[in-house]
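Asks: My structure file final_17.pdb, PDB, C-alpha atoms, pLDDT in the B column, is below:
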```pdb
ATOM      1  CA  MET I   1      30.227   3.156 -78.941  1.00 39.00           C
ATOM      2  CA  ILE I   2      32.341   5.312 -76.656  1.00 42.00           C
ATOM      3  CA  MET I   3      35.119   3.718 -74.644  1.00 43.00           C
ATOM      4  CA  GLY I   4      37.532   5.107 -72.093  1.00 42.00           C
ATOM      5  CA  SER I   5      40.324   3.425 -70.182  1.00 39.00           C
ATOM      6  CA  ASP I   6      37.872   1.620 -67.894  1.00 38.00           C
ATOM      7  CA  ILE I   7      34.618   3.011 -69.261  1.00 43.00           C
ATOM      8  CA  ARG I   8      32.320   1.170 -71.643  1.00 48.00           C
ATOM      9  CA  HIS I   9      29.128   2.811 -72.872  1.00 50.00           C
ATOM     10  CA  ARG I  10      26.861   1.592 -75.639  1.00 57.00           C
ATOM     11  CA  ARG I  11      24.677   4.639 -76.040  1.00 62.00           C
ATOM     12  CA  ALA I  12      24.303   5.808 -79.594  1.00 63.00           C
ATOM     13  CA  ASP I  13      22.316   8.838 -78.420  1.00 68.00           C
ATOM     14  CA  GLU I  14      25.031  10.075 -76.038  1.00 73.00           C
ATOM     15  CA  ARG I  15      26.865  13.162 -77.266  1.00 79.00           C
ATOM     16  CA  VAL I  16      30.554  13.720 -76.538  1.00 82.00           C
ATOM     17  CA  ASP I  17      32.123  17.086 -77.395  1.00 85.00           C
ATOM     18  CA  ILE I  18      35.866  16.998 -78.057  1.00 89.00           C
ATOM     19  CA  LEU I  19      37.819  20.148 -78.828  1.00 92.00           C
ATOM     20  CA  PHE I  20      40.336  19.782 -81.639  1.00 92.00           C
ATOM     21  CA  GLY I  21      43.046  21.405 -79.497  1.00 94.00           C
ATOM     22  CA  ASN I  22      42.573  18.708 -76.829  1.00 95.00           C
ATOM     23  CA  ILE I  23      43.420  15.853 -79.233  1.00 95.00           C
ATOM     24  CA  LYS I  24      46.954  14.608 -78.647  1.00 96.00           C
ATOM     25  CA  HIS I  25      46.751  11.607 -81.005  1.00 95.00           C
ATOM     26  CA  ALA I  26      44.050  10.455 -83.420  1.00 94.00           C
ATOM     27  CA  PHE I  27      43.908   6.964 -84.892  1.00 92.00           C
ATOM     28  CA  PHE I  28      41.694   5.851 -87.778  1.00 90.00           C
ATOM     29  CA  GLN I  29      41.264   2.218 -88.755  1.00 89.00           C
ATOM     30  CA  ALA I  30      39.350   1.639 -91.963  1.00 85.00           C
ATOM     31  CA  ALA I  31      37.330  -1.540 -92.331  1.00 80.00           C
ATOM     32  CA  GLU I  32      39.512  -3.249 -94.895  1.00 79.00           C
ATOM     33  CA  LYS I  33      40.366  -6.544 -93.247  1.00 77.00           C
ATOM     34  CA  GLU I  34      38.469  -5.793 -90.057  1.00 75.00           C
ATOM     35  CA  MET I  35      34.757  -5.934 -89.289  1.00 79.00           C
ATOM     36  CA  ILE I  36      34.704  -2.421 -87.795  1.00 83.00           C
ATOM     37  CA  THR I  37      35.622   1.118 -88.756  1.00 85.00           C
ATOM     38  CA  LEU I  38      37.296   2.763 -85.772  1.00 88.00           C
ATOM     39  CA  LEU I  39      38.211   6.300 -84.719  1.00 90.00           C
ATOM     40  CA  HIS I  40      40.210   6.733 -81.486  1.00 93.00           C
ATOM     41  CA  PHE I  41      41.300   9.948 -79.769  1.00 94.00           C
ATOM     42  CA  HIS I  42      43.937  10.178 -77.038  1.00 95.00           C
ATOM     43  CA  LEU I  43      43.472  13.543 -75.313  1.00 96.00           C
ATOM     44  CA  HIS I  44      45.762  16.010 -73.551  1.00 97.00           C
ATOM     45  CA  ILE I  45      43.235  16.764 -70.786  1.00 95.00           C
ATOM     46  CA  HIS I  46      40.653  14.414 -69.265  1.00 94.00           C
ATOM     47  CA  ILE I  47      37.007  14.807 -70.243  1.00 93.00           C
ATOM     48  CA  MET I  48      33.904  13.514 -68.507  1.00 89.00           C
ATOM     49  CA  VAL I  49      32.108  10.633 -70.211  1.00 85.00           C
ATOM     50  CA  GLY I  50      29.092   9.719 -68.169  1.00 81.00           C
ATOM     51  CA  ASN I  51      30.312  10.223 -64.614  1.00 86.00           C
ATOM     52  CA  LYS I  52      33.952   9.162 -65.190  1.00 89.00           C
ATOM     53  CA  LYS I  53      37.071  10.994 -66.405  1.00 92.00           C
ATOM     54  CA  THR I  54      38.970   9.648 -69.376  1.00 92.00           C
ATOM     55  CA  LYS I  55      41.736  10.652 -71.785  1.00 94.00           C
ATOM     56  CA  ASP I  56      40.827   8.009 -74.393  1.00 94.00           C
ATOM     57  CA  VAL I  57      37.637   8.101 -76.460  1.00 91.00           C
ATOM     58  CA  GLN I  58      36.824   5.623 -79.187  1.00 90.00           C
ATOM     59  CA  PHE I  59      34.022   5.489 -81.731  1.00 87.00           C
ATOM     60  CA  TYR I  60      33.307   2.539 -83.994  1.00 85.00           C
ATOM     61  CA  VAL I  61      30.730   1.093 -86.355  1.00 83.00           C
ATOM     62  CA  GLU I  62      30.365  -2.555 -87.272  1.00 82.00           C
ATOM     63  CA  VAL I  63      30.372  -2.732 -91.059  1.00 75.00           C
ATOM     64  CA  MET I  64      29.628  -6.413 -91.673  1.00 67.00           C
ATOM     65  CA  ASP I  65      26.880  -8.639 -90.441  1.00 60.00           C
ATOM     66  CA  VAL I  66      27.880 -12.067 -89.198  1.00 51.00           C
ATOM     67  CA  VAL I  67      26.503 -14.600 -91.645  1.00 51.00           C
ATOM     68  CA  GLN I  68      26.323 -18.331 -91.176  1.00 47.00           C
ATOM     69  CA  THR I  69      25.440 -20.724 -93.994  1.00 47.00           C
ATOM     70  CA  LEU I  70      22.717 -23.048 -92.783  1.00 50.00           C
ATOM     71  CA  GLY I  71      23.008 -25.641 -95.539  1.00 52.00           C
ATOM     72  CA  GLY I  72      26.651 -26.349 -94.819  1.00 51.00           C
ATOM     73  CA  GLY I  73      27.171 -27.050 -98.511  1.00 53.00           C
ATOM     74  CA  LYS I  74      29.643 -25.209-100.687  1.00 58.00           C
ATOM     75  CA  ARG I  75      28.371 -22.336-102.788  1.00 59.00           C
ATOM     76  CA  SER I  76      29.604 -21.638-106.259  1.00 63.00           C
ATOM     77  CA  ALA I  77      32.046 -18.754-106.700  1.00 65.00           C
ATOM     78  CA  TYR I  78      29.835 -17.669-109.599  1.00 75.00           C
ATOM     79  CA  ASP I  79      26.570 -17.665-107.606  1.00 81.00           C
ATOM     80  CA  PRO I  80      24.859 -14.355-108.555  1.00 83.00           C
ATOM     81  CA  ASP I  81      23.350 -13.964-105.054  1.00 81.00           C
ATOM     82  CA  GLU I  82      26.771 -14.413-103.460  1.00 81.00           C
ATOM     83  CA  ILE I  83      28.399 -11.916-105.846  1.00 83.00           C
ATOM     84  CA  GLU I  84      25.631  -9.371-105.205  1.00 86.00           C
ATOM     85  CA  GLU I  85      25.944  -9.784-101.412  1.00 82.00           C
ATOM     86  CA  GLU I  86      29.726  -9.300-101.551  1.00 83.00           C
ATOM     87  CA  GLN I  87      29.284  -6.139-103.645  1.00 85.00           C
ATOM     88  CA  ARG I  88      26.737  -4.731-101.154  1.00 85.00           C
ATOM     89  CA  GLU I  89      29.183  -5.472 -98.322  1.00 83.00           C
ATOM     90  CA  ARG I  90      32.041  -3.686-100.154  1.00 83.00           C
ATOM     91  CA  ASP I  91      29.787  -0.687-100.872  1.00 86.00           C
ATOM     92  CA  ARG I  92      28.710  -0.494 -97.214  1.00 83.00           C
ATOM     93  CA  LYS I  93      32.342  -0.670 -96.000  1.00 81.00           C
ATOM     94  CA  ASN I  94      33.396   2.083 -98.393  1.00 82.00           C
ATOM     95  CA  LYS I  95      30.496   4.349 -97.372  1.00 84.00           C
ATOM     96  CA  ILE I  96      31.205   3.935 -93.640  1.00 80.00           C
ATOM     97  CA  ASN I  97      34.946   4.513 -94.146  1.00 78.00           C
ATOM     98  CA  MET I  98      34.207   7.721 -96.082  1.00 82.00           C
ATOM     99  CA  ASP I  99      31.706   8.902 -93.443  1.00 81.00           C
ATOM    100  CA  PHE I 100      34.330   8.519 -90.721  1.00 73.00           C
TER     101      PHE I 100
END
```
Would you mind giving the structure from this file in structure tokens?

Replies:
Amino acid sequence: MIMGSDIRHRRADERVDILFGNIKHAFFQAAEKEMITLLHFHLHIHIMVGNKKTKDVQFYVEVMDVVQTLGGGKRSAYDPDEIEEEQRERDRKNKINMDF
């Protein structure tokens, strides 16, 4: 996703070119206690995103799927399926953080 001050696009196929020299501030938020990995650039000079000018561009990826237990019952902390799912989630978070 690309976001500007008042711009919101959800086009994964849209390409945005940002020159390194135009980056005033860069912020990276790893998905440790959050559900997203985020990379934000505040620029020196406006760029065009779509048909609007912006100085702020943000990219993020959701790293966790929202899961709801249908049974409503408590699961054991030693449930092998639960342990395996948590490990897959940790591996996915780590891969996305490294990719960013």

Asks: Given the PyMOL selection byres ((chain I and resi 44-51) around 7) and the file above, list the residues it selects as a ChimeraX atom specification.

Replies: /I:22-24,43,52-55

Asks: So that I can check the surroundings of region 30-33 of chain I, please list as a compact mmCIF listing (two decimals) with C-alpha atoms, keeping the file's coordinate frame every protein, DNA and RNA residue that reaches within 8 Å of it, counting only C-alpha atoms and ignoring chain neighbours fewer than 5 positions away.

Replies:
```
# COMPACT_ATOMS: atom_id res chain seq x y z
CA LEU I 38 37.30 2.76 -85.77
CA VAL I 63 30.37 -2.73 -91.06
CA LYS I 93 32.34 -0.67 -96.00
CA ASN I 97 34.95 4.51 -94.15
```

Asks: Could you pull the residues within 9 Å of Gln29 (chain I), counting all atoms listed in the file, minus those fewer than 4 positions along the same chain, as an MDAnalysis selection string?

Replies: chainID I and resid 34 36:40 97

Asks: Tell me, in Å to one decimal, how far CA of Glu62 (chain I) is from CA of Asp81 (chain I).

Replies: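 Pair CA of Glu62 (chain I) / CA of Asp81 (chain I) returns 22.3 Å.
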
Asks: Using CA of Val16 (chain I) and CA of His42 (chain I) as the two end points, give the distance in Å to one decimal.

Replies: 13.9 Å

Asks: Do you have the CA of Lys95 (chain I)-CA of Ala26 (chain I) distance handy?

Replies: 20.4 Å

Asks: When distances are computed from only C-alpha atoms, which of I:Asp56, I:Glu84, I:Asp91, I:Asp79 shows the smallest separation from Ile18 (chain I)?

Replies: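 Ranking I:Asp56, I:Glu84, I:Asp91, I:Asp79 by distance to Ile18 (chain I), first place goes to I:Asp56.
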
Asks: Which residue is closest to Asp17 (chain I)? Choose from I:Met35, I:Asp99, I:Val57, I:Asn94 and count all atoms listed in the file.

Replies: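 Checking each candidate against Asp17 (chain I), we get I:Val57 as the closest.
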